[in-house]
Amino acid sequence: MAVPKKKVSRSRRGQRRSHNGPGVVGTTECAHCGEIKLPHHVCRYCGHYRDRPVMEPRQAY
């Protein structure tokens, strides 16, 4: 079994983990109301998907 000889420093550990952070989430503008939304999702403000009403918008926002 492999056992490390020395403690890995915080700097070395951070350098190894530098690419593991969360990625950038892409967003688009709703064609109906202009709010920011996730692509390929129903707009939570107006309830439209691809210029069609799909559901009633939520009033909690």
# chains A, B, ... in the order shown; residues from 1 in each chain; ligands from 1
$ residues_around --residues "segment 17-29 of chain A" --least-positions-apart "5" --cutoff "10 Å" --atoms "only C-alpha atoms" --output "PyMOL selection string"
chain A and resi 11-12+34-41+43
$ select_by_dssp --residues "chain A" --states "helix (DSSP H, G or I)" --output "ChimeraX atom specification"
/A:10-16
$ closest_residue --among "A:Ala2, A:His48, A:Val54, A:Gln15" --to "Ala31 of chain A" --atoms "only C-alpha atoms"
A:His48
$ atom_distance --atom1 "atom CA of Arg16 of chain A" --atom2 "atom CA of Met1 of chain A"
21.8 Å
$ select_by_dssp --residues "segment 1-59 of chain A" --states "strand (DSSP E or B)" --output "ChimeraX atom specification"
/A:28-29,36-37,48-49,52-53
$ residues_around --residues "Tyr45 of chain A" --least-positions-apart "4" --cutoff "8 Å" --atoms "only C-alpha atoms" --output "PyMOL selection string"
chain A and resi 33+35+57-58+61
$ write_last_selection --atoms "all heavy atoms" --output "compact mmCIF listing (two decimals), in the first residue's frame"
# COMPACT_ATOMS: atom_id res chain seq x y z
N CYS A 33 -40.74 37.28 -22.55
CA CYS A 33 -40.75 38.34 -21.53
C CYS A 33 -39.39 39.02 -21.34
O CYS A 33 -39.31 40.06 -20.69
CB CYS A 33 -41.24 37.79 -20.20
SG CYS A 33 -40.11 36.60 -19.44
N GLU A 35 -36.75 37.90 -19.63
CA GLU A 35 -36.04 37.54 -18.40
C GLU A 35 -34.93 36.53 -18.71
O GLU A 35 -34.97 35.83 -19.71
CB GLU A 35 -37.01 36.93 -17.38
CG GLU A 35 -37.98 37.92 -16.79
CD GLU A 35 -37.33 38.89 -15.82
OE1 GLU A 35 -36.29 38.55 -15.24
OE2 GLU A 35 -37.88 39.99 -15.66
N PRO A 57 -47.46 30.82 -14.97
CA PRO A 57 -46.29 31.33 -14.27
C PRO A 57 -46.50 31.33 -12.77
O PRO A 57 -47.62 31.49 -12.29
CB PRO A 57 -46.10 32.74 -14.81
CG PRO A 57 -47.43 33.13 -15.33
CD PRO A 57 -48.11 31.87 -15.77
N ARG A 58 -45.42 31.14 -12.05
CA ARG A 58 -45.51 31.17 -10.59
C ARG A 58 -45.56 32.61 -10.11
O ARG A 58 -44.94 33.49 -10.68
CB ARG A 58 -44.29 30.48 -9.98
CG ARG A 58 -44.24 29.02 -10.27
CD ARG A 58 -43.07 28.42 -9.57
NE ARG A 58 -42.97 27.00 -9.87
CZ ARG A 58 -42.03 26.22 -9.41
NH1 ARG A 58 -41.10 26.71 -8.64
NH2 ARG A 58 -42.01 24.94 -9.72
N TYR A 61 -42.26 34.67 -7.33
CA TYR A 61 -41.03 35.38 -7.66
C TYR A 61 -41.23 36.83 -7.53
O TYR A 61 -41.31 37.71 -8.01
CB TYR A 61 -40.56 35.00 -9.06
CG TYR A 61 -40.19 33.55 -9.14
CD1 TYR A 61 -41.01 32.64 -9.80
CD2 TYR A 61 -39.05 33.07 -8.54
CE1 TYR A 61 -40.67 31.32 -9.87
CE2 TYR A 61 -38.71 31.75 -8.59
CZ TYR A 61 -39.52 30.88 -9.27
OH TYR A 61 -39.18 29.57 -9.33
$ decode --residues "segment 5-58 of chain A" --atoms "C-alpha atoms" --output "PDB file, in the first residue's frame"
ATOM      1  CA  LYS A   5       6.382  10.272   2.929  1.00  0.00           C
ATOM      2  CA  LYS A   6       5.538  13.893   3.577  1.00  0.00           C
ATOM      3  CA  LYS A   7       2.435  15.945   4.195  1.00  0.00           C
ATOM      4  CA  VAL A   8       0.960  17.586   1.093  1.00  0.00           C
ATOM      5  CA  SER A   9       0.932  21.344   1.645  1.00  0.00           C
ATOM      6  CA  ARG A  10      -2.178  23.469   1.260  1.00  0.00           C
ATOM      7  CA  SER A  11      -0.631  25.121  -1.784  1.00  0.00           C
ATOM      8  CA  ARG A  12       0.130  21.826  -3.519  1.00  0.00           C
ATOM      9  CA  ARG A  13      -3.321  20.470  -2.680  1.00  0.00           C
ATOM     10  CA  GLY A  14      -4.942  23.644  -4.024  1.00  0.00           C
ATOM     11  CA  GLN A  15      -2.952  23.478  -7.240  1.00  0.00           C
ATOM     12  CA  ARG A  16      -4.165  19.951  -7.819  1.00  0.00           C
ATOM     13  CA  ARG A  17      -7.779  20.948  -7.188  1.00  0.00           C
ATOM     14  CA  SER A  18      -7.654  24.174  -9.212  1.00  0.00           C
ATOM     15  CA  HIS A  19      -9.655  22.713 -12.120  1.00  0.00           C
ATOM     16  CA  ASN A  20     -12.367  21.069 -10.005  1.00  0.00           C
ATOM     17  CA  GLY A  21     -14.470  24.185  -9.429  1.00  0.00           C
ATOM     18  CA  PRO A  22     -18.006  24.650 -10.728  1.00  0.00           C
ATOM     19  CA  GLY A  23     -18.344  25.644 -14.345  1.00  0.00           C
ATOM     20  CA  VAL A  24     -20.076  28.671 -15.794  1.00  0.00           C
ATOM     21  CA  VAL A  25     -23.797  28.176 -16.287  1.00  0.00           C
ATOM     22  CA  GLY A  26     -24.997  29.348 -19.687  1.00  0.00           C
ATOM     23  CA  THR A  27     -28.109  31.506 -19.711  1.00  0.00           C
ATOM     24  CA  THR A  28     -30.368  32.862 -22.424  1.00  0.00           C
ATOM     25  CA  GLU A  29     -33.013  35.540 -22.635  1.00  0.00           C
ATOM     26  CA  CYS A  30     -36.664  34.546 -22.784  1.00  0.00           C
ATOM     27  CA  ALA A  31     -38.096  35.485 -26.181  1.00  0.00           C
ATOM     28  CA  HIS A  32     -41.487  36.293 -24.661  1.00  0.00           C
ATOM     29  CA  CYS A  33     -40.748  38.344 -21.534  1.00  0.00           C
ATOM     30  CA  GLY A  34     -36.999  39.057 -21.763  1.00  0.00           C
ATOM     31  CA  GLU A  35     -36.041  37.537 -18.405  1.00  0.00           C
ATOM     32  CA  ILE A  36     -32.878  35.479 -17.953  1.00  0.00           C
ATOM     33  CA  LYS A  37     -33.515  31.711 -18.045  1.00  0.00           C
ATOM     34  CA  LEU A  38     -31.674  28.431 -18.540  1.00  0.00           C
ATOM     35  CA  PRO A  39     -31.562  27.212 -22.139  1.00  0.00           C
ATOM     36  CA  HIS A  40     -34.044  24.443 -23.038  1.00  0.00           C
ATOM     37  CA  HIS A  41     -36.122  25.167 -19.922  1.00  0.00           C
ATOM     38  CA  VAL A  42     -39.544  26.695 -19.387  1.00  0.00           C
ATOM     39  CA  CYS A  43     -39.354  30.345 -18.361  1.00  0.00           C
ATOM     40  CA  ARG A  44     -40.288  30.495 -14.695  1.00  0.00           C
ATOM     41  CA  TYR A  45     -41.550  34.087 -14.977  1.00  0.00           C
ATOM     42  CA  CYS A  46     -43.991  33.827 -17.881  1.00  0.00           C
ATOM     43  CA  GLY A  47     -44.385  30.050 -18.352  1.00  0.00           C
ATOM     44  CA  HIS A  48     -43.464  30.026 -22.050  1.00  0.00           C
ATOM     45  CA  TYR A  49     -41.245  27.543 -23.861  1.00  0.00           C
ATOM     46  CA  ARG A  50     -40.208  28.314 -27.452  1.00  0.00           C
ATOM     47  CA  ASP A  51     -42.846  31.065 -27.825  1.00  0.00           C
ATOM     48  CA  ARG A  52     -45.699  28.833 -26.587  1.00  0.00           C
ATOM     49  CA  PRO A  53     -47.460  29.028 -23.222  1.00  0.00           C
ATOM     50  CA  VAL A  54     -46.762  25.723 -21.475  1.00  0.00           C
ATOM     51  CA  MET A  55     -47.741  26.365 -17.864  1.00  0.00           C
ATOM     52  CA  GLU A  56     -49.037  29.057 -15.585  1.00  0.00           C
ATOM     53  CA  PRO A  57     -46.287  31.327 -14.272  1.00  0.00           C
ATOM     54  CA  ARG A  58     -45.505  31.167 -10.585  1.00  0.00           C
TER      55      ARG A  58
END
